[in-house]
>>> print(open('entry-v9.cif').read())   # mmCIF, C-alpha atoms
data_protein
loop_
_atom_site.label_atom_id
_atom_site.label_comp_id
_atom_site.auth_asym_id
_atom_site.auth_seq_id
_atom_site.Cartn_x
_atom_site.Cartn_y
_atom_site.Cartn_z
CA MET A 27 12.97 -32.18 0.96
CA LYS A 28 11.47 -31.66 4.44
CA ASP A 29 13.36 -28.36 4.86
CA VAL A 30 12.10 -27.16 1.48
CA ILE A 31 8.50 -27.99 2.41
CA GLU A 32 8.88 -26.14 5.72
CA LYS A 33 10.10 -23.06 3.85
CA ALA A 34 7.04 -23.26 1.59
CA SER A 35 4.80 -23.54 4.68
CA ILE A 36 6.33 -20.34 6.09
CA LEU A 37 5.61 -18.53 2.84
CA ILE A 38 2.02 -19.76 2.85
CA GLU A 39 1.60 -18.65 6.48
CA SER A 40 2.68 -15.13 5.51
CA LEU A 41 0.34 -14.87 2.51
CA PRO A 42 -2.81 -13.58 4.32
CA TYR A 43 -0.72 -10.96 6.13
CA ILE A 44 0.90 -9.76 2.91
CA LYS A 45 -2.56 -9.47 1.37
CA LYS A 46 -3.98 -7.67 4.43
CA PHE A 47 -1.18 -5.11 4.76
CA ALA A 48 -0.51 -4.28 1.09
CA GLY A 49 -0.69 -0.50 0.68
CA LYS A 50 -0.62 0.14 4.46
CA THR A 51 1.87 2.34 6.31
CA PHE A 52 4.09 0.98 9.09
CA VAL A 53 6.10 3.41 11.24
CA ILE A 54 9.11 1.63 12.72
CA LYS A 55 11.26 3.06 15.49
CA TYR A 56 14.75 1.68 15.02
CA GLY A 57 17.05 1.73 18.03
CA GLY A 58 18.83 -0.24 20.72
CA HIS A 59 21.23 -3.13 20.10
CA ALA A 60 19.83 -3.63 16.59
CA MET A 61 21.64 -0.41 15.61
CA GLU A 62 25.00 -1.50 17.00
CA ASN A 63 25.46 -5.09 15.81
CA ASP A 64 26.52 -5.40 12.15
CA GLU A 65 24.57 -8.62 11.53
CA LEU A 66 21.40 -7.19 13.06
CA LYS A 67 21.81 -3.92 11.17
CA TYR A 68 21.83 -5.72 7.84
CA SER A 69 18.95 -8.05 8.75
CA PHE A 70 16.92 -4.95 9.69
CA ALA A 71 17.70 -3.40 6.28
CA GLN A 72 16.62 -6.65 4.57
CA ASP A 73 13.34 -6.70 6.54
CA ILE A 74 12.54 -3.12 5.55
CA THR A 75 13.38 -3.79 1.91
CA LEU A 76 11.14 -6.87 1.86
CA LEU A 77 8.24 -4.90 3.36
CA LYS A 78 8.52 -2.37 0.54
CA TYR A 79 8.65 -5.07 -2.15
CA VAL A 80 5.45 -6.74 -0.87
CA GLY A 81 3.55 -3.44 -1.05
CA ILE A 82 3.86 -2.12 2.51
CA ASN A 83 5.05 1.47 3.07
CA PRO A 84 7.66 1.46 5.88
CA VAL A 85 8.64 4.76 7.52
CA ILE A 86 11.76 4.57 9.71
CA VAL A 87 12.36 6.83 12.72
CA HIS A 88 15.71 6.14 14.37
CA GLY A 89 17.37 6.86 17.67
CA GLY A 90 21.05 7.15 18.47
CA GLY A 91 21.54 7.71 22.20
CA PRO A 92 24.64 5.53 22.67
CA GLN A 93 26.34 6.99 19.58
CA ILE A 94 25.59 10.54 20.78
CA GLY A 95 26.99 9.69 24.21
CA SER A 96 30.16 8.29 22.64
CA PHE A 97 30.75 11.43 20.56
CA LEU A 98 30.13 13.71 23.55
CA LYS A 99 32.58 11.69 25.63
CA ARG A 100 35.27 11.97 22.94
CA LEU A 101 34.80 15.75 22.98
CA ASP A 102 34.92 15.79 26.80
CA ILE A 103 31.32 17.02 27.07
CA GLN A 104 29.53 15.56 30.08
CA SER A 105 26.14 13.86 29.58
CA GLU A 106 23.44 14.49 32.16
CA PHE A 107 20.02 12.82 32.23
CA ILE A 108 16.92 13.92 34.12
CA SER A 109 13.88 11.60 34.11
CA GLY A 110 15.50 9.64 31.28
CA MET A 111 15.95 12.70 29.04
CA ARG A 112 19.36 14.03 27.97
CA VAL A 113 19.99 17.60 29.12
CA THR A 114 20.88 19.32 25.86
CA ASP A 115 22.63 22.69 25.76
CA ALA A 116 23.70 24.43 22.53
CA ALA A 117 27.08 22.64 22.39
CA SER A 118 25.47 19.23 22.94
CA MET A 119 22.76 19.98 20.39
CA GLU A 120 25.38 20.45 17.69
CA ILE A 121 26.69 16.93 18.40
CA VAL A 122 23.16 15.49 18.64
CA GLU A 123 22.19 16.88 15.24
CA MET A 124 25.49 15.96 13.61
CA THR A 125 25.26 12.39 14.91
CA LEU A 126 21.57 11.78 14.21
CA ALA A 127 21.02 13.64 10.95
CA GLY A 128 24.53 13.46 9.56
CA LYS A 129 26.05 10.13 10.52
CA ILE A 130 23.41 7.63 11.67
CA ASN A 131 20.70 8.68 9.23
CA LYS A 132 22.94 8.27 6.22
CA GLU A 133 24.29 4.93 7.46
CA ILE A 134 20.74 3.55 7.67
CA VAL A 135 19.90 4.90 4.21
CA SER A 136 23.01 3.24 2.79
CA LEU A 137 22.25 -0.10 4.49
CA ILE A 138 18.72 -0.21 3.06
CA ASN A 139 20.00 0.73 -0.39
CA LYS A 140 22.66 -1.98 -0.12
CA ALA A 141 19.95 -4.53 0.76
CA GLY A 142 18.15 -3.68 -2.48
CA GLY A 143 15.77 -0.98 -1.24
CA SER A 144 15.59 2.68 -2.15
CA ALA A 145 15.76 4.92 0.92
CA VAL A 146 16.07 8.66 1.45
CA GLY A 147 16.99 10.43 4.69
CA PHE A 148 15.43 13.41 6.41
CA SER A 149 15.87 15.42 9.54
CA GLY A 150 12.75 16.72 11.24
CA ARG A 151 14.07 20.16 10.28
CA ASP A 152 13.71 19.45 6.54
CA GLY A 153 10.60 21.16 5.21
CA ASN A 154 9.43 21.76 8.79
CA LEU A 155 8.75 18.03 8.95
CA ILE A 156 8.60 17.99 12.77
CA LYS A 157 7.53 21.18 14.52
CA ALA A 158 8.39 21.03 18.20
CA LYS A 159 7.94 22.90 21.43
CA LYS A 160 10.14 22.86 24.51
CA LEU A 161 9.75 19.83 26.73
CA TYR A 162 9.86 20.34 30.49
CA VAL A 163 10.28 17.40 32.84
CA ASP A 164 9.11 16.89 36.41
CA ALA A 165 11.75 15.62 38.82
CA ALA A 166 11.99 15.48 42.60
CA ASP A 167 14.49 17.74 44.36
CA GLU A 168 16.56 16.66 47.38
CA LYS A 169 13.49 17.14 49.60
CA GLY A 170 11.33 14.97 47.36
CA VAL A 171 9.31 17.90 46.02
CA LEU A 172 8.47 17.73 42.31
CA GLN A 173 9.99 20.56 40.30
CA ARG A 174 9.37 21.52 36.67
CA ILE A 175 12.81 21.53 35.04
CA ASP A 176 14.05 23.10 31.83
CA ILE A 177 16.43 20.57 30.24
CA GLY A 178 17.55 22.78 27.37
CA LEU A 179 17.02 22.14 23.67
CA VAL A 180 14.80 19.11 24.18
CA GLY A 181 11.41 19.13 22.52
CA GLU A 182 8.13 17.35 22.13
CA VAL A 183 6.29 17.06 18.84
CA GLU A 184 3.73 19.77 18.17
CA SER A 185 2.86 18.86 14.57
CA VAL A 186 4.06 16.66 11.69
CA ASN A 187 4.12 17.74 8.04
CA THR A 188 2.79 14.49 6.61
CA LYS A 189 2.82 15.76 3.01
CA ILE A 190 6.58 15.33 2.82
CA ILE A 191 6.41 11.72 3.98
CA GLU A 192 3.40 10.86 1.83
CA ASN A 193 4.97 12.36 -1.30
CA VAL A 194 8.15 10.35 -0.77
CA MET A 195 6.91 6.98 0.42
CA GLY A 196 5.20 6.06 -2.85
CA SER A 197 8.63 5.41 -4.38
CA PHE A 198 11.13 5.55 -1.51
CA ILE A 199 11.58 4.46 2.09
CA PRO A 200 11.74 7.56 4.34
CA VAL A 201 14.34 7.47 7.13
CA ILE A 202 13.77 10.23 9.69
CA ALA A 203 16.16 11.63 12.31
CA PRO A 204 14.21 12.90 15.37
CA VAL A 205 15.42 16.50 15.34
CA GLY A 206 12.59 19.03 15.44
CA ILE A 207 12.34 22.74 14.72
CA SER A 208 10.84 25.30 17.08
CA GLU A 209 8.71 28.31 16.13
CA ASN A 210 11.93 30.35 16.45
CA TYR A 211 13.73 27.84 14.14
CA GLU A 212 15.88 26.42 16.90
CA PRO A 213 16.71 22.71 16.59
CA TYR A 214 15.26 20.47 19.31
CA ASN A 215 16.40 17.00 20.36
CA ILE A 216 13.33 14.70 20.45
CA ASN A 217 13.04 11.25 21.99
CA ALA A 218 12.84 8.79 19.07
CA ASP A 219 9.98 6.75 20.58
CA LEU A 220 7.89 9.90 21.02
CA ALA A 221 8.74 11.11 17.51
CA ALA A 222 7.79 7.74 16.00
CA GLY A 223 4.50 7.69 17.91
CA SER A 224 3.59 11.21 16.78
CA ILE A 225 4.48 10.45 13.15
CA ALA A 226 2.45 7.21 13.23
CA SER A 227 -0.53 9.09 14.67
CA ALA A 228 -0.27 11.87 12.09
CA LEU A 229 -0.11 9.34 9.24
CA LYS A 230 -2.90 7.20 10.76
CA ALA A 231 -0.52 4.30 10.25
CA GLU A 232 -1.61 0.68 10.31
CA LYS A 233 1.21 -0.16 12.72
CA LEU A 234 3.71 1.48 15.05
CA MET A 235 6.62 -0.85 15.79
CA LEU A 236 9.09 -0.06 18.58
CA LEU A 237 12.31 -2.10 18.51
CA THR A 238 13.74 -2.61 21.99
CA ASP A 239 16.38 -4.63 23.82
CA VAL A 240 13.84 -6.73 25.73
CA ASP A 241 11.50 -9.59 24.84
CA GLY A 242 8.31 -7.50 24.81
CA VAL A 243 6.36 -6.79 28.01
CA LYS A 244 6.50 -9.47 30.70
CA ASP A 245 4.18 -10.30 33.56
CA LYS A 246 5.34 -10.75 37.15
CA GLU A 247 6.25 -14.40 36.46
CA GLY A 248 8.51 -13.33 33.60
CA LYS A 249 6.24 -14.57 30.80
CA ARG A 250 5.75 -12.43 27.72
CA ILE A 251 2.38 -10.71 27.49
CA SER A 252 1.18 -11.00 23.90
CA THR A 253 -1.58 -8.35 24.01
CA ILE A 254 -2.24 -5.22 26.07
CA HIS A 255 -5.22 -2.86 25.79
CA PRO A 256 -4.97 0.85 26.69
CA GLU A 257 -7.22 0.42 29.72
CA ASP A 258 -4.79 -2.21 31.10
CA ALA A 259 -1.73 0.04 31.09
CA GLU A 260 -2.43 2.19 34.17
CA GLY A 261 -3.17 -0.84 36.31
CA MET A 262 0.03 -2.52 35.15
CA LYS A 263 2.02 0.54 36.24
CA LYS A 264 0.41 0.55 39.66
CA ASP A 265 0.93 -3.15 40.33
CA GLY A 266 4.57 -3.02 39.18
CA THR A 267 4.18 -5.08 36.00
CA LEU A 268 5.44 -2.10 34.01
CA THR A 269 8.62 -0.49 35.29
CA GLY A 270 11.59 1.58 34.15
CA GLY A 271 12.14 2.21 30.46
CA MET A 272 9.14 0.09 29.45
CA ILE A 273 6.71 2.68 30.86
CA PRO A 274 7.41 5.44 28.28
CA LYS A 275 7.30 2.84 25.47
CA ILE A 276 3.89 1.59 26.56
CA ASP A 277 2.70 5.19 27.04
CA CYS A 278 3.87 5.97 23.50
CA ALA A 279 2.14 2.87 22.09
CA VAL A 280 -1.11 3.55 23.96
CA GLU A 281 -1.18 7.18 22.82
CA ALA A 282 -0.64 6.15 19.21
CA VAL A 283 -3.46 3.59 19.34
CA LYS A 284 -5.78 6.15 20.89
CA ASN A 285 -4.90 8.56 18.08
CA GLY A 286 -5.85 6.27 15.21
CA VAL A 287 -2.97 3.82 14.77
CA SER A 288 -4.52 0.38 14.31
CA LYS A 289 -1.96 -1.51 16.37
CA ALA A 290 1.35 -0.88 18.13
CA HIS A 291 4.05 -3.51 18.72
CA ILE A 292 6.96 -3.67 21.14
CA ILE A 293 9.46 -6.23 19.86
CA ASP A 294 12.96 -7.46 20.59
CA GLY A 295 15.30 -5.96 17.99
CA ARG A 296 18.09 -8.31 19.12
CA ILE A 297 16.39 -11.14 17.22
CA LYS A 298 17.29 -11.42 13.53
CA HIS A 299 14.38 -10.54 11.25
CA SER A 300 12.24 -9.67 14.28
CA ILE A 301 10.03 -7.37 12.20
CA LEU A 302 9.11 -10.12 9.74
CA LEU A 303 8.54 -12.63 12.54
CA GLU A 304 6.15 -10.24 14.28
CA ILE A 305 4.20 -9.24 11.17
CA PHE A 306 4.06 -12.37 9.03
CA THR A 307 3.66 -15.22 11.53
CA ASP A 308 0.57 -16.32 13.44
CA SER A 309 2.19 -16.26 16.88
CA GLY A 310 4.42 -13.16 16.66
CA ILE A 311 7.33 -12.53 19.01
CA GLY A 312 6.50 -9.31 20.88
CA THR A 313 3.74 -7.49 22.71
CA GLN A 314 0.95 -5.80 20.77
CA VAL A 315 -1.10 -2.87 22.01
CA LEU A 316 -4.54 -2.48 20.47
CA GLN A 317 -7.95 -1.06 21.17
#
>>> encode(input="entry-v9.cif", output="structure tokens")
Amino acid sequence: MKDVIEKASILIESLPYIKKFAGKTFVIKYGGHAMENDELKYSFAQDITLLKYVGINPVIVHGGGPQIGSFLKRLDIQSEFISGMRVTDAASMEIVEMTLAGKINKEIVSLINKAGGSAVGFSGRDGNLIKAKKLYVDAADEKGVLQRIDIGLVGEVESVNTKIIENVMGSFIPVIAPVGISENYEPYNINADLAAGSIASALKAEKLMLLTDVDGVKDKEGKRISTIHPEDAEGMKKDGTLTGGMIPKIDCAVEAVKNGVSKAHIIDGRIKHSILLEIFTDSGIGTQVLQ
């Protein structure tokens, strides 16, 4: 009987959050280990389906870096990264688009449908959903001098056609592959975090959620930081609290919050039902970024 009562308490705890977020839009970037482990993949699909059933409008933007790397390796195409971005020539772009829009996107759609949801998949090329421009990166040469480098068919989001998403999400769960289209109708490979942040900003979403392979942002003592404000971020970079791959995620979250997203979350996708634990419990499990 005690276990049953505890389950009821959990449901009661979630009630004010369900009421608060009904009708709101959540943009969720799906990536990392949560995309590779079968148990975590299905728990993610269940979380997304539950969100839809309680009246929230989830929009999924997914990555696929490890899967792309695996396909390129099988085809004996070398992967090169500059400042964390994959150098993408025409041959690599074919594999990127095939993997993201063809394989991974449809797998996620099928998983959500299997969990009882109703999902549809898009590429950023569909209906000019994501218009992109070429992304250049700054990297130091052998003398330590910063150079502006062209890394090929890699883009940054210029605009998002929100009408497509808004028309669909009333009845379906949109699942978006981060492939953009240039003004010359070339496909561009776009970082999934950046794509998710831009889509959340364009939709003025209630939440942007970034699934990662770490337990949120930690301080120098290794304790999770529950809340960060935009004005804190620069100082945390300078004092070494933010390092490595966490920096672009925080930058993405801060930019989204500045552009009208109510709150951004960085959560550990390796935990089963991490999305529900972050949204529907008082304590949460990740780091939130808010004004």
>>> resolve_selection(input="entry-v9.cif", expression="the PyMOL selection byres ((chain A and resi 307) around 12)", output="MDAnalysis selection string")
chainID A and resid 35:44 299:306 308:312
>>> atom_distance(input="entry-v9.cif", atom1="CA of Val315 in chain A", atom2="CA of Thr188 in chain A")
23.5 Å
>>> closest_residue(input="entry-v9.cif", among="A:Ala290, A:Leu316, A:Ile108, A:Val186", to="Ala166 in chain A", atoms="all atoms listed in the file")
A:Ile108
>>> resolve_selection(input="entry-v9.cif", expression="the PyMOL selection byres ((chain A and resi 131) around 9)", output="list in words")
His88, Thr125, Leu126, Ala127, Gly128, Lys129, Ile130, Lys132, Glu133, Ile134, Val135, Ser136, Gly147, Phe148, Ser149, Val201, Ile202 and Ala203 of chain A
>>> resolve_selection(input="entry-v9.cif", expression="the PyMOL selection byres ((chain A and resi 82-85) around 6)", output="VMD selection string")
chain A and resid 48 to 53 77 to 78 80 to 81 86 200
>>> residues_around(input="entry-v9.cif", residues="Tyr56 in chain A", least_positions_apart="5", cutoff="9 Å", atoms="only C-alpha atoms", output="list in words")
Met61, Phe70, Ile86, Val87, His88, Gly89, Ala218, Asp219, Met235, Leu236, Leu237, Thr238 and Gly295 of chain A
>>> closest_residue(input="entry-v9.cif", among="A:Gly242, A:Gly178, A:Gly206, A:Gly261", to="Arg296 in chain A", atoms="only C-alpha atoms")
A:Gly242
>>> atom_distance(input="entry-v9.cif", atom1="CA of Lys263 in chain A", atom2="CA of Ile276 in chain A")
9.9 Å
>>> axis_aligned_box(input="entry-v9.cif", around="range 138-157 of chain A", padding_each_side="5 Å", output="AutoDock Vina command-line options")
--center_x 15.1 --center_y 8.6 --center_z 6.0 --size_x 25.1 --size_y 36.3 --size_z 27.0
>>> closest_residue(input="entry-v9.cif", among="A:Thr269, A:Glu232, A:Pro213, A:Gln314", to="Ile251 in chain A", atoms="only C-alpha atoms")
A:Gln314
>>> residues_around(input="entry-v9.cif", residues="Asn210 in chain A", least_positions_apart="2", cutoff="12 Å", atoms="only C-alpha atoms", output="number ranges by chain")
A: 154, 157-160, 206-208, 212-214
>>> residues_around(input="entry-v9.cif", residues="Arg174 in chain A", least_positions_apart="3", cutoff="7 Å", atoms="only C-alpha atoms", output="list in words")
Tyr162, Val163, Asp164 and Ala165 of chain A
>>> residues_around(input="entry-v9.cif", residues="Gly286 in chain A", least_positions_apart="3", cutoff="9 Å", atoms="all atoms listed in the file", output="ChimeraX atom specification")
/A:226-232,281-283,289
>>> atom_distance(input="entry-v9.cif", atom1="CA of Val205 in chain A", atom2="CA of Gly95 in chain A")
16.1 Å
>>> closest_residue(input="entry-v9.cif", among="A:Asp73, A:Asp176, A:Glu257, A:Asp102", to="Thr114 in chain A", atoms="only C-alpha atoms")
A:Asp176
>>> closest_residue(input="entry-v9.cif", among="A:Asp239, A:Asp115, A:Asp245, A:Glu168", to="Asp265 in chain A", atoms="all atoms listed in the file")
A:Asp245
>>> decode(input="entry-v9.cif", residues="range 122-158 of chain A", atoms="N, CA and C atoms", output="PDB file, in the first residue's frame")
ATOM      1  N   VAL A 122      25.582  12.755 -44.518  1.00  0.00           N
ATOM      2  CA  VAL A 122      24.942  13.484 -43.421  1.00  0.00           C
ATOM      3  C   VAL A 122      23.432  13.531 -43.625  1.00  0.00           C
ATOM      4  N   GLU A 123      23.016  13.928 -44.823  1.00  0.00           N
ATOM      5  CA  GLU A 123      21.582  14.063 -45.081  1.00  0.00           C
ATOM      6  C   GLU A 123      20.885  12.706 -45.086  1.00  0.00           C
ATOM      7  N   MET A 124      21.523  11.718 -45.675  1.00  0.00           N
ATOM      8  CA  MET A 124      20.941  10.377 -45.702  1.00  0.00           C
ATOM      9  C   MET A 124      20.756   9.840 -44.274  1.00  0.00           C
ATOM     10  N   THR A 125      21.765  10.056 -43.435  1.00  0.00           N
ATOM     11  CA  THR A 125      21.718   9.529 -42.073  1.00  0.00           C
ATOM     12  C   THR A 125      20.702  10.272 -41.214  1.00  0.00           C
ATOM     13  N   LEU A 126      20.754  11.608 -41.258  1.00  0.00           N
ATOM     14  CA  LEU A 126      19.867  12.404 -40.415  1.00  0.00           C
ATOM     15  C   LEU A 126      18.411  12.331 -40.872  1.00  0.00           C
ATOM     16  N   ALA A 127      18.187  12.696 -42.144  1.00  0.00           N
ATOM     17  CA  ALA A 127      16.810  12.825 -42.633  1.00  0.00           C
ATOM     18  C   ALA A 127      16.207  11.486 -43.045  1.00  0.00           C
ATOM     19  N   GLY A 128      17.061  10.559 -43.468  1.00  0.00           N
ATOM     20  CA  GLY A 128      16.545   9.285 -43.946  1.00  0.00           C
ATOM     21  C   GLY A 128      16.443   8.225 -42.875  1.00  0.00           C
ATOM     22  N   LYS A 129      17.532   7.997 -42.148  1.00  0.00           N
ATOM     23  CA  LYS A 129      17.561   6.883 -41.193  1.00  0.00           C
ATOM     24  C   LYS A 129      17.109   7.296 -39.789  1.00  0.00           C
ATOM     25  N   ILE A 130      17.844   8.231 -39.172  1.00  0.00           N
ATOM     26  CA  ILE A 130      17.579   8.561 -37.773  1.00  0.00           C
ATOM     27  C   ILE A 130      16.193   9.177 -37.603  1.00  0.00           C
ATOM     28  N   ASN A 131      15.850  10.109 -38.451  1.00  0.00           N
ATOM     29  CA  ASN A 131      14.560  10.789 -38.331  1.00  0.00           C
ATOM     30  C   ASN A 131      13.402   9.799 -38.330  1.00  0.00           C
ATOM     31  N   LYS A 132      13.448   8.861 -39.244  1.00  0.00           N
ATOM     32  CA  LYS A 132      12.339   7.903 -39.349  1.00  0.00           C
ATOM     33  C   LYS A 132      12.334   6.903 -38.199  1.00  0.00           C
ATOM     34  N   GLU A 133      13.514   6.588 -37.658  1.00  0.00           N
ATOM     35  CA  GLU A 133      13.568   5.717 -36.482  1.00  0.00           C
ATOM     36  C   GLU A 133      12.890   6.380 -35.285  1.00  0.00           C
ATOM     37  N   ILE A 134      13.145   7.685 -35.097  1.00  0.00           N
ATOM     38  CA  ILE A 134      12.541   8.407 -33.976  1.00  0.00           C
ATOM     39  C   ILE A 134      11.032   8.486 -34.152  1.00  0.00           C
ATOM     40  N   VAL A 135      10.593   8.789 -35.370  1.00  0.00           N
ATOM     41  CA  VAL A 135       9.156   8.835 -35.664  1.00  0.00           C
ATOM     42  C   VAL A 135       8.510   7.492 -35.330  1.00  0.00           C
ATOM     43  N   SER A 136       9.137   6.409 -35.741  1.00  0.00           N
ATOM     44  CA  SER A 136       8.584   5.078 -35.491  1.00  0.00           C
ATOM     45  C   SER A 136       8.527   4.759 -34.007  1.00  0.00           C
ATOM     46  N   LEU A 137       9.569   5.146 -33.252  1.00  0.00           N
ATOM     47  CA  LEU A 137       9.599   4.892 -31.810  1.00  0.00           C
ATOM     48  C   LEU A 137       8.462   5.617 -31.095  1.00  0.00           C
ATOM     49  N   ILE A 138       8.243   6.877 -31.462  1.00  0.00           N
ATOM     50  CA  ILE A 138       7.166   7.647 -30.826  1.00  0.00           C
ATOM     51  C   ILE A 138       5.814   7.046 -31.175  1.00  0.00           C
ATOM     52  N   ASN A 139       5.654   6.656 -32.436  1.00  0.00           N
ATOM     53  CA  ASN A 139       4.390   6.031 -32.845  1.00  0.00           C
ATOM     54  C   ASN A 139       4.170   4.709 -32.108  1.00  0.00           C
ATOM     55  N   LYS A 140       5.244   3.949 -31.921  1.00  0.00           N
ATOM     56  CA  LYS A 140       5.162   2.683 -31.202  1.00  0.00           C
ATOM     57  C   LYS A 140       4.758   2.908 -29.746  1.00  0.00           C
ATOM     58  N   ALA A 141       5.205   4.028 -29.164  1.00  0.00           N
ATOM     59  CA  ALA A 141       4.891   4.338 -27.763  1.00  0.00           C
ATOM     60  C   ALA A 141       3.472   4.883 -27.596  1.00  0.00           C
ATOM     61  N   GLY A 142       2.756   5.021 -28.709  1.00  0.00           N
ATOM     62  CA  GLY A 142       1.374   5.485 -28.620  1.00  0.00           C
ATOM     63  C   GLY A 142       1.157   6.907 -29.078  1.00  0.00           C
ATOM     64  N   GLY A 143       2.238   7.574 -29.524  1.00  0.00           N
ATOM     65  CA  GLY A 143       2.109   8.933 -30.030  1.00  0.00           C
ATOM     66  C   GLY A 143       1.799   8.942 -31.508  1.00  0.00           C
ATOM     67  N   SER A 144       1.809  10.124 -32.079  1.00  0.00           N
ATOM     68  CA  SER A 144       1.585  10.279 -33.520  1.00  0.00           C
ATOM     69  C   SER A 144       2.570  11.322 -34.020  1.00  0.00           C
ATOM     70  N   ALA A 145       3.689  10.850 -34.583  1.00  0.00           N
ATOM     71  CA  ALA A 145       4.782  11.735 -34.987  1.00  0.00           C
ATOM     72  C   ALA A 145       4.934  11.772 -36.498  1.00  0.00           C
ATOM     73  N   VAL A 146       5.432  12.894 -36.995  1.00  0.00           N
ATOM     74  CA  VAL A 146       5.779  13.021 -38.411  1.00  0.00           C
ATOM     75  C   VAL A 146       7.171  13.632 -38.511  1.00  0.00           C
ATOM     76  N   GLY A 147       7.944  13.216 -39.516  1.00  0.00           N
ATOM     77  CA  GLY A 147       9.320  13.659 -39.651  1.00  0.00           C
ATOM     78  C   GLY A 147       9.521  14.663 -40.765  1.00  0.00           C
ATOM     79  N   PHE A 148      10.434  15.598 -40.518  1.00  0.00           N
ATOM     80  CA  PHE A 148      10.790  16.616 -41.500  1.00  0.00           C
ATOM     81  C   PHE A 148      12.301  16.763 -41.564  1.00  0.00           C
ATOM     82  N   SER A 149      12.774  17.189 -42.707  1.00  0.00           N
ATOM     83  CA  SER A 149      14.109  17.752 -42.822  1.00  0.00           C
ATOM     84  C   SER A 149      13.930  19.262 -42.866  1.00  0.00           C
ATOM     85  N   GLY A 150      14.958  19.983 -42.502  1.00  0.00           N
ATOM     86  CA  GLY A 150      14.906  21.439 -42.612  1.00  0.00           C
ATOM     87  C   GLY A 150      14.750  21.913 -44.044  1.00  0.00           C
ATOM     88  N   ARG A 151      14.952  21.004 -44.995  1.00  0.00           N
ATOM     89  CA  ARG A 151      14.767  21.349 -46.416  1.00  0.00           C
ATOM     90  C   ARG A 151      13.298  21.338 -46.810  1.00  0.00           C
ATOM     91  N   ASP A 152      12.460  20.600 -46.078  1.00  0.00           N
ATOM     92  CA  ASP A 152      11.042  20.487 -46.431  1.00  0.00           C
ATOM     93  C   ASP A 152      10.344  21.827 -46.239  1.00  0.00           C
ATOM     94  N   GLY A 153       9.751  22.332 -47.308  1.00  0.00           N
ATOM     95  CA  GLY A 153       9.018  23.599 -47.228  1.00  0.00           C
ATOM     96  C   GLY A 153       9.886  24.771 -46.805  1.00  0.00           C
ATOM     97  N   ASN A 154      11.194  24.692 -47.092  1.00  0.00           N
ATOM     98  CA  ASN A 154      12.124  25.737 -46.635  1.00  0.00           C
ATOM     99  C   ASN A 154      11.991  25.976 -45.127  1.00  0.00           C
ATOM    100  N   LEU A 155      11.866  24.879 -44.399  1.00  0.00           N
ATOM    101  CA  LEU A 155      11.667  24.959 -42.948  1.00  0.00           C
ATOM    102  C   LEU A 155      12.809  25.683 -42.259  1.00  0.00           C
ATOM    103  N   ILE A 156      14.063  25.323 -42.627  1.00  0.00           N
ATOM    104  CA  ILE A 156      15.227  25.997 -42.050  1.00  0.00           C
ATOM    105  C   ILE A 156      16.057  26.601 -43.176  1.00  0.00           C
ATOM    106  N   LYS A 157      16.039  27.922 -43.283  1.00  0.00           N
ATOM    107  CA  LYS A 157      16.907  28.599 -44.240  1.00  0.00           C
ATOM    108  C   LYS A 157      18.234  28.891 -43.555  1.00  0.00           C
ATOM    109  N   ALA A 158      19.322  28.589 -44.257  1.00  0.00           N
ATOM    110  CA  ALA A 158      20.633  28.664 -43.616  1.00  0.00           C
ATOM    111  C   ALA A 158      21.617  29.451 -44.466  1.00  0.00           C
TER     112      ALA A 158
END
